[in-house]
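For reference, upload-v7.pdb is printed below; it contains PDB, C-alpha atoms.
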ATOM      1  CA  MET A   1     149.356  86.946 103.407  1.00  0.00           C
ATOM      2  CA  TRP A   2     148.073  88.486 106.647  1.00  0.00           C
ATOM      3  CA  ARG A   3     149.010  91.949 105.482  1.00  0.00           C
ATOM      4  CA  ARG A   4     146.933  91.515 102.344  1.00  0.00           C
ATOM      5  CA  ILE A   5     143.976  90.116 104.304  1.00  0.00           C
ATOM      6  CA  PHE A   6     143.891  92.966 106.780  1.00  0.00           C
ATOM      7  CA  ALA A   7     144.477  95.508 104.036  1.00  0.00           C
ATOM      8  CA  VAL A   8     141.299  94.295 102.355  1.00  0.00           C
ATOM      9  CA  ILE A   9     139.361  94.318 105.636  1.00  0.00           C
ATOM     10  CA  LEU A  10     140.581  97.724 106.756  1.00  0.00           C
ATOM     11  CA  LEU A  11     140.451  99.488 103.403  1.00  0.00           C
ATOM     12  CA  PRO A  12     136.794 100.649 103.737  1.00  0.00           C
ATOM     13  CA  THR A  13     137.471 101.980 107.242  1.00  0.00           C
ATOM     14  CA  ILE A  14     140.634 103.777 106.171  1.00  0.00           C
ATOM     15  CA  THR A  15     138.891 105.213 103.117  1.00  0.00           C
ATOM     16  CA  ALA A  16     135.981 106.469 105.220  1.00  0.00           C
ATOM     17  CA  VAL A  17     138.374 108.081 107.716  1.00  0.00           C
ATOM     18  CA  GLN A  18     140.318 109.722 104.894  1.00  0.00           C
ATOM     19  CA  THR A  19     137.102 111.077 103.390  1.00  0.00           C
ATOM     20  CA  VAL A  20     136.087 112.636 106.713  1.00  0.00           C
ATOM     21  CA  ALA A  21     139.583 114.052 107.140  1.00  0.00           C
ATOM     22  CA  GLN A  22     139.529 115.552 103.658  1.00  0.00           C
ATOM     23  CA  ASP A  23     136.120 117.098 104.286  1.00  0.00           C
ATOM     24  CA  GLY A  24     137.427 118.619 107.499  1.00  0.00           C
ATOM     25  CA  ALA A  25     140.577 119.835 105.776  1.00  0.00           C
ATOM     26  CA  ALA A  26     138.500 121.546 103.111  1.00  0.00           C
ATOM     27  CA  GLN A  27     136.921 123.615 105.895  1.00  0.00           C
ATOM     28  CA  SER A  28     140.135 124.322 107.825  1.00  0.00           C
ATOM     29  CA  ASN A  29     141.542 127.247 105.778  1.00  0.00           C
ATOM     30  CA  ASP A  30     141.396 130.648 107.441  1.00  0.00           C
ATOM     31  CA  LYS A  31     140.578 132.297 104.116  1.00  0.00           C
ATOM     32  CA  PRO A  32     138.908 129.660 101.956  1.00  0.00           C
ATOM     33  CA  ALA A  33     138.718 129.803  98.199  1.00  0.00           C
ATOM     34  CA  THR A  34     135.249 130.833  97.137  1.00  0.00           C
ATOM     35  CA  LYS A  35     133.303 130.649  93.899  1.00  0.00           C
ATOM     36  CA  ALA A  36     131.383 133.780  94.840  1.00  0.00           C
ATOM     37  CA  ALA A  37     133.958 136.555  94.663  1.00  0.00           C
ATOM     38  CA  ALA A  38     133.877 139.458  97.095  1.00  0.00           C
ATOM     39  CA  GLY A  39     131.097 141.842  96.169  1.00  0.00           C
ATOM     40  CA  LYS A  40     129.328 139.343  93.930  1.00  0.00           C
ATOM     41  CA  ARG A  41     125.780 138.263  94.744  1.00  0.00           C
ATOM     42  CA  PRO A  42     125.497 134.881  96.495  1.00  0.00           C
ATOM     43  CA  ALA A  43     124.380 132.025  94.314  1.00  0.00           C
ATOM     44  CA  TYR A  44     123.258 128.420  94.646  1.00  0.00           C
ATOM     45  CA  GLU A  45     123.276 125.098  92.822  1.00  0.00           C
ATOM     46  CA  SER A  46     120.773 122.257  93.150  1.00  0.00           C
ATOM     47  CA  PHE A  47     121.226 118.537  92.549  1.00  0.00           C
ATOM     48  CA  THR A  48     119.098 115.392  92.676  1.00  0.00           C
ATOM     49  CA  TYR A  49     120.599 111.926  92.987  1.00  0.00           C
ATOM     50  CA  TYR A  50     118.445 110.465  90.214  1.00  0.00           C
ATOM     51  CA  ASN A  51     117.418 112.131  86.983  1.00  0.00           C
ATOM     52  CA  GLN A  52     113.747 111.369  87.703  1.00  0.00           C
ATOM     53  CA  ILE A  53     111.639 110.619  90.758  1.00  0.00           C
ATOM     54  CA  ARG A  54     109.157 107.752  90.851  1.00  0.00           C
ATOM     55  CA  ARG A  55     105.732 107.992  92.385  1.00  0.00           C
ATOM     56  CA  GLY A  56     105.648 106.653  95.931  1.00  0.00           C
ATOM     57  CA  THR A  57     109.422 106.971  96.439  1.00  0.00           C
ATOM     58  CA  THR A  58     111.870 109.301  98.171  1.00  0.00           C
ATOM     59  CA  GLU A  59     114.842 110.920  96.441  1.00  0.00           C
ATOM     60  CA  ASP A  60     117.974 112.569  97.820  1.00  0.00           C
ATOM     61  CA  ALA A  61     118.554 116.186  96.867  1.00  0.00           C
ATOM     62  CA  VAL A  62     121.080 118.915  97.681  1.00  0.00           C
ATOM     63  CA  VAL A  63     121.041 122.692  97.506  1.00  0.00           C
ATOM     64  CA  VAL A  64     124.517 124.221  97.682  1.00  0.00           C
ATOM     65  CA  LEU A  65     124.928 127.799  98.885  1.00  0.00           C
ATOM     66  CA  GLU A  66     127.793 129.732  97.274  1.00  0.00           C
ATOM     67  CA  ALA A  67     128.585 132.905  99.197  1.00  0.00           C
ATOM     68  CA  THR A  68     131.592 134.657 100.735  1.00  0.00           C
ATOM     69  CA  GLY A  69     132.942 134.140 104.238  1.00  0.00           C
ATOM     70  CA  TRP A  70     131.374 131.915 106.877  1.00  0.00           C
ATOM     71  CA  ALA A  71     127.814 131.002 107.830  1.00  0.00           C
ATOM     72  CA  SER A  72     125.931 129.657 110.818  1.00  0.00           C
ATOM     73  CA  THR A  73     123.704 126.571 110.710  1.00  0.00           C
ATOM     74  CA  PRO A  74     120.582 125.749 112.761  1.00  0.00           C
ATOM     75  CA  ASP A  75     122.339 122.868 114.526  1.00  0.00           C
ATOM     76  CA  HIS A  76     125.195 125.130 115.693  1.00  0.00           C
ATOM     77  CA  PRO A  77     123.853 128.697 115.818  1.00  0.00           C
ATOM     78  CA  VAL A  78     126.118 131.675 116.412  1.00  0.00           C
ATOM     79  CA  THR A  79     124.893 134.533 118.588  1.00  0.00           C
ATOM     80  CA  ASP A  80     123.427 137.449 116.609  1.00  0.00           C
ATOM     81  CA  VAL A  81     123.822 135.630 113.277  1.00  0.00           C
ATOM     82  CA  VAL A  82     120.838 134.355 111.277  1.00  0.00           C
ATOM     83  CA  PRO A  83     121.537 130.679 110.521  1.00  0.00           C
ATOM     84  CA  VAL A  84     121.092 129.259 107.054  1.00  0.00           C
ATOM     85  CA  LYS A  85     117.452 128.349 106.482  1.00  0.00           C
ATOM     86  CA  LEU A  86     116.065 126.496 103.464  1.00  0.00           C
ATOM     87  CA  GLU A  87     112.293 126.619 102.977  1.00  0.00           C
ATOM     88  CA  PHE A  88     110.113 125.325 100.153  1.00  0.00           C
ATOM     89  CA  GLU A  89     106.693 126.344  98.970  1.00  0.00           C
ATOM     90  CA  PRO A  90     103.976 123.663  98.898  1.00  0.00           C
ATOM     91  CA  ALA A  91     104.084 121.638  95.687  1.00  0.00           C
ATOM     92  CA  PRO A  92     101.387 119.173  94.545  1.00  0.00           C
ATOM     93  CA  GLY A  93     102.365 115.631  95.422  1.00  0.00           C
ATOM     94  CA  LEU A  94     105.813 116.525  96.800  1.00  0.00           C
ATOM     95  CA  THR A  95     107.069 116.673 100.396  1.00  0.00           C
ATOM     96  CA  VAL A  96     110.475 117.896 101.621  1.00  0.00           C
ATOM     97  CA  ARG A  97     111.908 116.506 104.851  1.00  0.00           C
ATOM     98  CA  SER A  98     115.087 115.549 106.752  1.00  0.00           C
ATOM     99  CA  LEU A  99     117.204 118.628 106.103  1.00  0.00           C
ATOM    100  CA  ARG A 100     120.861 118.065 106.985  1.00  0.00           C
ATOM    101  CA  PHE A 101     123.503 120.765 107.251  1.00  0.00           C
ATOM    102  CA  PRO A 102     127.278 120.222 107.084  1.00  0.00           C
ATOM    103  CA  LYS A 103     129.229 119.806 110.281  1.00  0.00           C
ATOM    104  CA  PRO A 104     130.835 123.123 111.257  1.00  0.00           C
ATOM    105  CA  MET A 105     134.445 123.856 112.104  1.00  0.00           C
ATOM    106  CA  LYS A 106     135.824 125.879 114.987  1.00  0.00           C
ATOM    107  CA  HIS A 107     137.179 129.186 113.754  1.00  0.00           C
ATOM    108  CA  LYS A 108     138.846 131.942 115.781  1.00  0.00           C
ATOM    109  CA  PHE A 109     138.104 135.405 114.450  1.00  0.00           C
ATOM    110  CA  ASP A 110     140.509 138.202 115.362  1.00  0.00           C
ATOM    111  CA  SER A 111     137.818 140.073 117.247  1.00  0.00           C
ATOM    112  CA  SER A 112     136.217 137.061 118.974  1.00  0.00           C
ATOM    113  CA  PRO A 113     137.387 135.951 122.448  1.00  0.00           C
ATOM    114  CA  LYS A 114     137.122 132.269 121.547  1.00  0.00           C
ATOM    115  CA  PRO A 115     136.512 130.063 118.493  1.00  0.00           C
ATOM    116  CA  VAL A 116     132.958 129.720 117.208  1.00  0.00           C
ATOM    117  CA  ALA A 117     131.305 126.952 115.197  1.00  0.00           C
ATOM    118  CA  VAL A 118     130.902 128.150 111.619  1.00  0.00           C
ATOM    119  CA  THR A 119     130.702 126.654 108.143  1.00  0.00           C
ATOM    120  CA  ILE A 120     132.483 127.893 105.046  1.00  0.00           C
ATOM    121  CA  ALA A 121     129.860 129.613 102.915  1.00  0.00           C
ATOM    122  CA  SER A 122     131.641 129.286  99.575  1.00  0.00           C
ATOM    123  CA  TYR A 123     130.322 125.726  99.170  1.00  0.00           C
ATOM    124  CA  LEU A 124     127.707 124.890 101.803  1.00  0.00           C
ATOM    125  CA  PRO A 125     125.669 121.792 100.874  1.00  0.00           C
ATOM    126  CA  ILE A 126     122.235 121.318 102.442  1.00  0.00           C
ATOM    127  CA  GLN A 127     121.016 117.759 101.995  1.00  0.00           C
ATOM    128  CA  PHE A 128     117.365 116.726 102.204  1.00  0.00           C
ATOM    129  CA  LYS A 129     114.841 114.231 100.893  1.00  0.00           C
ATOM    130  CA  ILE A 130     111.984 114.754  98.457  1.00  0.00           C
ATOM    131  CA  ARG A 131     109.002 112.417  98.707  1.00  0.00           C
ATOM    132  CA  ALA A 132     106.731 111.943  95.699  1.00  0.00           C
ATOM    133  CA  ASP A 133     103.252 110.815  96.686  1.00  0.00           C
ATOM    134  CA  ALA A 134     101.651 107.839  95.007  1.00  0.00           C
ATOM    135  CA  ASN A 135      99.330 110.233  93.182  1.00  0.00           C
ATOM    136  CA  ALA A 136     101.868 112.968  92.374  1.00  0.00           C
ATOM    137  CA  PRO A 137     101.274 114.587  88.959  1.00  0.00           C
ATOM    138  CA  LEU A 138     103.338 112.930  86.240  1.00  0.00           C
ATOM    139  CA  GLY A 139     105.771 114.972  84.193  1.00  0.00           C
ATOM    140  CA  PRO A 140     107.925 118.041  84.924  1.00  0.00           C
ATOM    141  CA  LEU A 141     107.476 119.783  88.271  1.00  0.00           C
ATOM    142  CA  SER A 142     109.239 122.694  89.933  1.00  0.00           C
ATOM    143  CA  LEU A 143     109.960 122.793  93.641  1.00  0.00           C
ATOM    144  CA  LYS A 144     110.411 126.452  94.570  1.00  0.00           C
ATOM    145  CA  GLY A 145     111.740 127.922  97.794  1.00  0.00           C
ATOM    146  CA  ARG A 146     114.255 130.288  99.319  1.00  0.00           C
ATOM    147  CA  LEU A 147     117.548 130.370 101.188  1.00  0.00           C
ATOM    148  CA  THR A 148     117.782 132.807 104.103  1.00  0.00           C
ATOM    149  CA  PHE A 149     121.127 133.468 105.828  1.00  0.00           C
ATOM    150  CA  GLN A 150     123.714 135.898 107.109  1.00  0.00           C
ATOM    151  CA  THR A 151     127.432 135.578 106.505  1.00  0.00           C
ATOM    152  CA  ILE A 152     130.438 136.580 108.575  1.00  0.00           C
ATOM    153  CA  ASP A 153     133.253 138.160 106.605  1.00  0.00           C
ATOM    154  CA  TYR A 154     136.986 137.722 107.180  1.00  0.00           C
ATOM    155  CA  LYS A 155     137.021 140.603 109.696  1.00  0.00           C
ATOM    156  CA  ALA A 156     134.192 139.028 111.721  1.00  0.00           C
ATOM    157  CA  VAL A 157     131.669 141.583 110.445  1.00  0.00           C
ATOM    158  CA  VAL A 158     128.165 140.151 110.139  1.00  0.00           C
ATOM    159  CA  THR A 159     126.653 141.080 106.791  1.00  0.00           C
ATOM    160  CA  PRO A 160     122.980 142.003 106.319  1.00  0.00           C
ATOM    161  CA  GLU A 161     120.453 139.185 106.066  1.00  0.00           C
ATOM    162  CA  LYS A 162     120.108 137.827 102.542  1.00  0.00           C
ATOM    163  CA  GLN A 163     117.569 135.711 100.657  1.00  0.00           C
ATOM    164  CA  ILE A 164     117.979 133.712  97.471  1.00  0.00           C
ATOM    165  CA  ASP A 165     115.115 132.182  95.508  1.00  0.00           C
ATOM    166  CA  VAL A 166     115.789 128.550  94.661  1.00  0.00           C
ATOM    167  CA  GLU A 167     114.141 126.163  92.235  1.00  0.00           C
ATOM    168  CA  ILE A 168     114.561 122.414  91.747  1.00  0.00           C
ATOM    169  CA  ARG A 169     113.251 120.952  88.509  1.00  0.00           C
ATOM    170  CA  LEU A 170     111.927 117.405  88.794  1.00  0.00           C
ATOM    171  CA  VAL A 171     110.349 114.871  86.477  1.00  0.00           C
ATOM    172  CA  VAL A 172     107.833 112.549  88.144  1.00  0.00           C
ATOM    173  CA  VAL A 173     107.428 109.123  86.531  1.00  0.00           C
ATOM    174  CA  GLU A 174     105.432 105.987  87.258  1.00  0.00           C
ATOM    175  CA  HIS A 175     106.443 103.917  90.267  1.00  0.00           C
ATOM    176  CA  GLY A 176     107.891 101.090  88.169  1.00  0.00           C
ATOM    177  CA  ALA A 177     109.791 103.281  85.708  1.00  0.00           C
ATOM    178  CA  LYS A 178     113.550 102.970  85.351  1.00  0.00           C
ATOM    179  CA  VAL A 179     115.594 105.913  86.628  1.00  0.00           C
ATOM    180  CA  ASN A 180     119.306 106.625  86.324  1.00  0.00           C
ATOM    181  CA  GLU A 181     121.772 108.400  88.551  1.00  0.00           C
ATOM    182  CA  ALA A 182     122.246 112.032  87.649  1.00  0.00           C
ATOM    183  CA  ALA A 183     125.502 113.141  86.066  1.00  0.00           C
ATOM    184  CA  GLN A 184     126.606 115.110  89.136  1.00  0.00           C
ATOM    185  CA  TRP A 185     126.301 114.613  92.879  1.00  0.00           C
ATOM    186  CA  PRO A 186     128.242 117.044  95.088  1.00  0.00           C
ATOM    187  CA  VAL A 187     128.598 115.006  98.295  1.00  0.00           C
ATOM    188  CA  SER A 188     129.952 111.546  99.050  1.00  0.00           C
ATOM    189  CA  LYS A 189     127.262 108.886  99.382  1.00  0.00           C
ATOM    190  CA  THR A 190     128.316 105.928 101.541  1.00  0.00           C
ATOM    191  CA  PRO A 191     126.056 102.846 101.385  1.00  0.00           C
ATOM    192  CA  VAL A 192     124.076 102.297 104.583  1.00  0.00           C
ATOM    193  CA  ALA A 193     125.178  98.653 104.776  1.00  0.00           C
ATOM    194  CA  LEU A 194     128.843  99.660 104.672  1.00  0.00           C
ATOM    195  CA  ILE A 195     128.302 102.214 107.426  1.00  0.00           C
ATOM    196  CA  VAL A 196     126.684  99.553 109.633  1.00  0.00           C
ATOM    197  CA  VAL A 197     129.520  97.087 109.016  1.00  0.00           C
ATOM    198  CA  LEU A 198     132.142  99.704 109.818  1.00  0.00           C
ATOM    199  CA  LEU A 199     130.399 100.757 113.016  1.00  0.00           C
ATOM    200  CA  VAL A 200     129.944  97.188 114.223  1.00  0.00           C
ATOM    201  CA  PHE A 201     133.340  95.739 113.370  1.00  0.00           C
ATOM    202  CA  SER A 202     135.777  98.669 113.370  1.00  0.00           C
ATOM    203  CA  PRO A 203     136.406  98.531 117.183  1.00  0.00           C
ATOM    204  CA  VAL A 204     137.717  94.999 116.672  1.00  0.00           C
ATOM    205  CA  LEU A 205     139.189  95.063 113.180  1.00  0.00           C
ATOM    206  CA  VAL A 206     141.184  98.273 113.433  1.00  0.00           C
ATOM    207  CA  PRO A 207     143.165  97.424 116.619  1.00  0.00           C
ATOM    208  CA  LEU A 208     143.634  93.814 115.496  1.00  0.00           C
ATOM    209  CA  GLY A 209     144.822  94.856 112.065  1.00  0.00           C
ATOM    210  CA  LEU A 210     147.266  97.388 113.494  1.00  0.00           C
ATOM    211  CA  ILE A 211     148.667  94.799 115.882  1.00  0.00           C
ATOM    212  CA  VAL A 212     149.189  92.237 113.131  1.00  0.00           C
ATOM    213  CA  MET A 213     150.780  94.782 110.820  1.00  0.00           C
ATOM    214  CA  GLY A 214     153.040  95.968 113.624  1.00  0.00           C
ATOM    215  CA  VAL A 215     154.158  92.422 114.417  1.00  0.00           C
ATOM    216  CA  CYS A 216     154.824  91.761 110.734  1.00  0.00           C
ATOM    217  CA  GLY A 217     156.795  94.965 110.461  1.00  0.00           C
ATOM    218  CA  LEU A 218     159.037  94.061 113.397  1.00  0.00           C
ATOM    219  CA  SER A 219     159.464  90.433 112.428  1.00  0.00           C
ATOM    220  CA  THR A 220     162.739  89.406 110.778  1.00  0.00           C
ATOM    221  CA  GLY A 221     161.688  85.848 110.102  1.00  0.00           C
ATOM    222  CA  ASP A 222     159.117  84.280 107.848  1.00  0.00           C
ATOM    223  CA  VAL A 223     155.902  84.349 109.909  1.00  0.00           C
ATOM    224  CA  GLY A 224     153.515  84.348 106.977  1.00  0.00           C
ATOM    225  CA  CYS A 225     153.059  88.109 106.864  1.00  0.00           C
ATOM    226  CA  GLU A 226     153.673  88.473 103.117  1.00  0.00           C
TER
END
Represent the structure from my file as C-alpha cells, please.
Amino acid sequence: MWRRIFAVILLPTITAVQTVAQDGAAQSNDKPATKAAAGKRPAYESFTYYNQIRRGTTEDAVVVLEATGWASTPDHPVTDVVPVKLEFEPAPGLTVRSLRFPKPMKHKFDSSPKPVAVTIASYLPIQFKIRADANAPLGPLSLKGRLTFQTIDYKAVVTPEKQIDVEIRLVVVEHGAKVNEAAQWPVSKTPVALIVVLLVFSPVLVPLGLIVMGVCGLSTGDVGCE
C-alpha cells in the first residue's frame, strides 16, 4: 500500500527529473545530429501554443534555430562569438517580451584549454511571449524579425556572422473567442501549479518516499508495504 501511495506522490517529481535529464542528454553528444546538414543554409521553425491569439491576452511562442555546430546565448556568452539574438520589427497591437534561451552545456573543444558553455545549434528553441493589445487589429497578422548568430563548428572554428529573416503568422480574435492548442509545440510545458507543488514539497516527499521504499525493500515480513 505504502509503495503505491508514494509512487503516486513521487511520480510527478520523477517525471520532471527524467525530462530534465533527457533534455540534458540530448545536448551531451560531441557531434550532435543536425537537421541542417553541413554546407546547407541555416533555417528556422516557428510555433505558437494556440492557433489564435485573443485581444488583451498573452500567448507563448517559440522560434527554433536549425544550424550546424554549436552556438552561444546571451545568458552565457562565449568570448569572440556573437550570441544568438532574436529581434522583431514593430507590429500594430503586438508586443514581444520575456525571451528565454535554452540552458547551455559544457563542451570541451580540442583547441580550447577548458570547457565552454555552448548550446547545440541543430535545434535551438527560443521561447518568448506575444502580447495582443486590447485594440489589436482583428484577423491575420505577421510578426517579422531576424535571427542573428555565429556558430562554432566541430573543429572550434567560429563561422562568419549570419542572419535569418523570420516570420510568425498570427490570427487575432476577440477577447472572448474560443481558441485551441496548436497541433505542434516543440518544448515541454509544465503547469505552473505543478512546478510550485514540486518545489514546495519535494524536499520532504523525496527523502521520505525513498526511506519508506528502502524499508519495504529490506523487510521480510508483512509491514503493509504492498
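Of the residues listed (A:Ile53, A:Ser111, A:Ile120, A:Phe47), A:Ile53 shows the shortest atom-to-atom separation from Asn180 of chain A; distances use all atoms listed in the file.
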Minimum-distance residue to Lys85 of chain A, chosen among A:Val158, A:Ala134, A:Val173, A:Val166 (using all atoms listed in the file):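 Under the stated criterion, the closest residue is A:Val166.
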task: Carefully work through the PyMOL selection byres ((chain A and resi 102) around 10) for this structure and note down the residues it includes, as a PyMOL selection string.
output: chain A and resi 23+73+75+100-101+103-105+118-120+124-127
Decode the PyMOL selection byres ((chain A and resi 157) around 12) for the given file into explicit residues and return them as an mmCIF file with C-alpha atoms, in the coordinates of the input.
data_model
loop_
_atom_site.group_PDB
_atom_site.id
_atom_site.type_symbol
_atom_site.label_atom_id
_atom_site.label_comp_id
_atom_site.auth_asym_id
_atom_site.auth_seq_id
_atom_site.Cartn_x
_atom_site.Cartn_y
_atom_site.Cartn_z
ATOM 1 C CA THR A 68 131.592 134.657 100.735
ATOM 2 C CA GLY A 69 132.942 134.140 104.238
ATOM 3 C CA TRP A 70 131.374 131.915 106.877
ATOM 4 C CA ALA A 71 127.814 131.002 107.830
ATOM 5 C CA ASP A 80 123.427 137.449 116.609
ATOM 6 C CA VAL A 81 123.822 135.630 113.277
ATOM 7 C CA PHE A 109 138.104 135.405 114.450
ATOM 8 C CA ASP A 110 140.509 138.202 115.362
ATOM 9 C CA SER A 111 137.818 140.073 117.247
ATOM 10 C CA SER A 112 136.217 137.061 118.974
ATOM 11 C CA GLN A 150 123.714 135.898 107.109
ATOM 12 C CA THR A 151 127.432 135.578 106.505
ATOM 13 C CA ILE A 152 130.438 136.580 108.575
ATOM 14 C CA ASP A 153 133.253 138.160 106.605
ATOM 15 C CA TYR A 154 136.986 137.722 107.180
ATOM 16 C CA LYS A 155 137.021 140.603 109.696
ATOM 17 C CA ALA A 156 134.192 139.028 111.721
ATOM 18 C CA VAL A 158 128.165 140.151 110.139
ATOM 19 C CA THR A 159 126.653 141.080 106.791
ATOM 20 C CA PRO A 160 122.980 142.003 106.319
#
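Coordinates place atom CA of Leu99 of chain A at a distance of 14.0 Å from atom CA of Leu65 of chain A.
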- request: Could you check which of A:Leu141, A:Val82, A:Leu94, A:Asp60 is closest to Glu161 of chain A, using all atoms listed in the file?
  value: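 Going through A:Leu141, A:Val82, A:Leu94, A:Asp60 one by one, the smallest distance to Glu161 of chain A is for A:Val82.
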If the PyMOL selection byres ((chain A and resi 140) around 9) were run on this exact file, what residues would it hold? Put them as a PDB file with C-alpha atoms, in the frame of the given file.
ATOM      1  CA  PRO A 137     101.274 114.587  88.959  1.00  0.00           C
ATOM      2  CA  LEU A 138     103.338 112.930  86.240  1.00  0.00           C
ATOM      3  CA  GLY A 139     105.771 114.972  84.193  1.00  0.00           C
ATOM      4  CA  LEU A 141     107.476 119.783  88.271  1.00  0.00           C
ATOM      5  CA  SER A 142     109.239 122.694  89.933  1.00  0.00           C
ATOM      6  CA  ARG A 169     113.251 120.952  88.509  1.00  0.00           C
ATOM      7  CA  LEU A 170     111.927 117.405  88.794  1.00  0.00           C
ATOM      8  CA  VAL A 171     110.349 114.871  86.477  1.00  0.00           C
ATOM      9  CA  VAL A 172     107.833 112.549  88.144  1.00  0.00           C
TER      10      VAL A 172
END
- prompt: Can you tell me, as a ChimeraX atom specification, what residues are no more than 8 Å from Arg146 of chain A when counting all atoms listed in the file, ignoring any on the same chain fewer than 3 positions away?
  reply: /A:86-88,163-166
query: atom CA of Thr58 of chain A and atom CA of Arg97 of chain A are how many Å apart?
result: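 Taking atom CA of Thr58 of chain A and atom CA of Arg97 of chain A, their separation equals 9.8 Å.
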task: Please provide as a ChimeraX atom specification all residues within 10 Å of Lys108 of chain A, with the sequence filter that same-chain residues fewer than 5 positions apart are discarded (counting all atoms listed in the file).
output: /A:30,113-118,156
task: Would you mind telling me which residue in A:Thr95, A:Phe128, A:Leu143, A:Lys162 lies nearest to Val64 of chain A when using only C-alpha atoms?
output: A:Phe128
